[in-house]
Amino acid sequence: MDGYYAFMLIATALVLMMTVPALALFYGGMSRSKSVLNMMMMSYIAAAIVGILYVAVGWSMGFGGEGTFFANPFELFWLDGVTTDAYIGVMFQMTFAIITCALISGAVEGRMKFAAWVTFVPIWALVVYFPLAHMVFSCTDDSLICGRIGAQDYAGGTAVHINAGVAALVLVLLLGKRVGWPRDKMRPHNLTLTMLGAGLLWFGWYGFNVGSIVFGGESEEADMAQFFSETGRTFANTTLATMAAILGWLVVERVLHKKATSLGAASGIVAGLVAITPAAGAVDIEGAVAIGAIAGAVCAWAVGLKFKAGFDDSLDVVGVHLVGGIVGTVLIGIFSTSDGAGGVDGLLYGGGVDSLVDQVLGVLVAVVYSGVLTAVIALAIKYTIGLRLAEEDEVGGIDLAAHGESAYDLHTGVGGSGNATSVLAPKTQKEGV
Amino acid sequence: MKLVTAVIKPHKWEDVREALETFGVTGMTVSEVSGYGRQKGHTEVYRGAEYDIALVPKIRIEIVVEDDDAEDVVGIVVKTAQTGRIGDGKVWLSPVESVVRVRTGDRDAAAL
């Protein structure tokens with residue numbers, strides 16, 4: 001299995017790239033120019049915090065043994081007892097924990113205290129993500145979603161996307177809308193960054209989905225044969241679903257709003273990838289195209305819900321990740337084939353409603369678990385250090401307030417500093433402050 | 001002397017500058033501005049949300065000229081900046097009492 005090992009080194013680096021910098025670029029471009037650095041920093045700091053926490057207790061809680069919700073956090077504390085030839089598996093799962101936390105950040109653009117985010121992320125990873133990763137990915141007999149319910153989730157439709165989407169919704173409801181929203185709709189400030197980020201996410205997603213293969217382990221030959229056939233399936237499904245989702249999104253957009261937009265194409269990429277994440281191993285290529293097209297179309301419609309319901313999910317984490325995650329996870333119950341990794345036929349292939357019921361139960365567990373515990377964590381932060389930036393700092397821009405930086409200096413015409421306002425502005429800033 | 005102020009479409013700026021230089025205008029002040037007239041901006045759509053962009057980018061040109069040249073300069077700007085479509089802009093004339101060249105202290109016609 002040398003080939004598998006070499007592949008996992010690459011796949012793990014690809015998934016880390018999905019957060020740093022792909023997601024940061026995707027979200028950064030959609031945010032406002034006064035909050036793009038904070039938006040990107042939320043991803044970068046999540047990588048740093050969650051990565052180290054994962055090695056401390058995350059791996060042990062996820063994969064350290066039996067448990068309905070999570071395994072003993074101290075069984076493999078700080079990788080005690082884990083040999084270095086198993087480290088790449090730890091690193092791979094670590095990158096999933098990182099991106100799940102980072103995904104939430106898109107909902108809270110420009111108004112969440114940086115200190116609150118830095119507090120929220122490790123607690124949320126510990127209380128919400130590590131257990132859900134156990135329930136889905138460890139697949140011990142007693143693990144809730146995979147073992148007990150038996151829902152299929154190849155690479156994280158429930159544990160990653162539904163989980164992050166629900167957390168984003170809860171956080172937005174407790175945080176409130178941005179000053180001026182929705183009268184001022186706050187359009188994206190740099191869609192070229194978003195297009196670049198979406199493309200990098202697609203590239204990285206091959207690590208995410210294709211790298212999520214779990215072997216039967218009966219013999220080396222059988223595992224090798226599985227490696228060849230299953231990676232081909234997941235690679236093709238990931239690709240085709242994404243393409244179908246771009247088209248699905250653009251068609252709906254063109255019909256509803258008269259224009260096929262670049263942001264629609266970028267969003268379609270992500271919606272398709274989200275939806276095929278749980279289903280990458282379960283379906284054949286027709287199923288992948290169907291799931292992608294449906295996800296693209298449904299998410300293109302779902303991003304409008306926030307205006308009707310009045311919650312400021314700024315960059316549509318709910319509309320894309322929660323909705324796309326549910327679409328992909330539930331549709332496994334329809335399009336799953338027994339040739340696939342789960343070995344289960346869905347409704348369309350004569351398997352009846354059993355698979356569909358399992359998938360819906362899996363979704364419900366993820367929604368309830370993530371929703372309730374995210375609310376507890378966010379309320380605790382809200383009534384201690386506070387979630388929300390002071391209004392004057394929000395209006396002036398969180399980049400300046402939280403980080404003391406501005407993303408852009410486009411005024412090169414006047415003065416040696418390259419800042420047109422600096423010659424006129426009062427000289428109050430002191431050196432080193 | 002007169003101050004000619006013109007607000008034009010940005011892509012017409014090079015044509016206008018060239019025509020004015022050919023006529024003999026030696027200098028001008030140019031700024032990137034935004035505003036709207038009867039055109040009332042435009043609409044953009046991001047993820048299905050329609051944004052009314054009230055302000056349209058324009059170029060504002062300011063030129064101080066001698067009284068005799070004023071109408072010619074206005075005519076050149078109008079001729080070269082015109083596309084015939086909505087949003088072509090405006091040109092207006094205002095009286096100027098006095099002009100001083102900062103480098104030399106020259107006044108009025110000598111300062112242009």
# chains A, B, ... in the order shown; residues from 1 in each chain; ligands from 1

$ closest_atom_pairs --of "chain B" --to "chain A" --cutoff "10 Å" --atoms "only C-alpha atoms" --output "Markdown table"
| residue | atom | partner | partner_atom | distance |
| --- | --- | --- | --- | --- |
| B:Glu44 | CA | A:Arg187 | CA | 9.0 |
| B:Val45 | CA | A:His257 | CA | 7.3 |
| B:Tyr46 | CA | A:Leu263 | CA | 6.8 |
| B:Arg47 | CA | A:Gly264 | CA | 6.3 |
| B:Gly48 | CA | A:His257 | CA | 6.3 |
| B:Ala49 | CA | A:Gly304 | CA | 7.1 |
| B:Glu50 | CA | A:His257 | CA | 8.4 |
| B:Tyr51 | CA | A:Lys185 | CA | 6.8 |
| B:Asp52 | CA | A:Lys185 | CA | 9.4 |

$ select_by_dssp --residues "segment 9-93 of chain B" --states "helix (DSSP H, G or I)" --output "list of chain:residue names"
B:Pro10, B:His11, B:Lys12, B:Trp13, B:Glu14, B:Asp15, B:Val16, B:Arg17, B:Glu18, B:Ala19, B:Leu20, B:Glu21, B:Thr22, B:Phe23, B:Asp67, B:Asp68, B:Asp69, B:Ala70, B:Glu71, B:Asp72, B:Val73, B:Val74, B:Gly75, B:Ile76, B:Val77, B:Val78, B:Lys79, B:Thr80, B:Ala81

$ select_by_dssp --residues "chain B" --states "strand (DSSP E)" --output "VMD selection string"
chain B and resid 2 to 8 29 to 35 42 to 46 49 to 53 56 to 65 89 to 95

$ residues_around --residues "Met1 of chain B" --least-positions-apart "6" --cutoff "7 Å" --atoms "only C-alpha atoms" --output "PyMOL selection string"
chain B and resi 64-67+95-96

$ write_last_selection --atoms "C-alpha atoms" --output "CSV table (one decimal), in the first residue's frame"
chain,number,residue,atom,x,y,z
B,64,VAL,CA,-9.7,77.4,-16.8
B,65,VAL,CA,-9.7,79.2,-20.2
B,66,GLU,CA,-9.9,82.7,-21.6
B,67,ASP,CA,-13.3,84.0,-22.3
B,95,PRO,CA,-16.9,82.8,-14.3
B,96,VAL,CA,-13.4,83.0,-12.7

$ closest_residue --among "A:Met91, A:Met61, A:Ile294, A:Leu169" --to "Ala11 of chain A" --atoms "only C-alpha atoms"
A:Met91

$ closest_residue --among "B:Glu18, B:Pro10, B:Glu71, B:Val4" --to "Asp88 of chain B" --atoms "only C-alpha atoms"
B:Pro10

$ closest_residue --among "A:Ala297, A:Val57, A:Met41, A:Ala402" --to "Ala390 of chain A" --atoms "only C-alpha atoms"
A:Ala402

$ closest_residue --among "A:Ile99, A:Met112, A:Val172, A:Val90" --to "Ile398 of chain A" --atoms "only C-alpha atoms"
A:Met112

$ residues_around --residues "Gly197 of chain A" --least-positions-apart "3" --cutoff "7 Å" --atoms "only C-alpha atoms" --output "list in words"
Ala22, Leu23, Leu25, Phe26, Leu193, Thr194, Leu200 and Leu201 of chain A

$ residues_around --residues "Gly87 of chain B" --least-positions-apart "2" --cutoff "10 Å" --atoms "only C-alpha atoms" --output "PyMOL selection string"
chain B and resi 7-9+36-41+56+58+82-85+89-90

$ residues_around --residues "Ala282 of chain A" --least-positions-apart "3" --cutoff "8 Å" --atoms "only C-alpha atoms" --output "PyMOL selection string"
chain A and resi 152+154+279+332+335-344

$ atom_distance --atom1 "atom CA of Phe96 of chain A" --atom2 "atom CA of Ala155 of chain A"
9.2 Å

$ atom_distance --atom1 "atom CA of Ser33 of chain A" --atom2 "atom CA of Arg178 of chain A"
14.6 Å

$ closest_residue --among "A:Val255, A:Ala115, A:Val360, A:Ala241" --to "Gly292 of chain A" --atoms "only C-alpha atoms"
A:Ala241
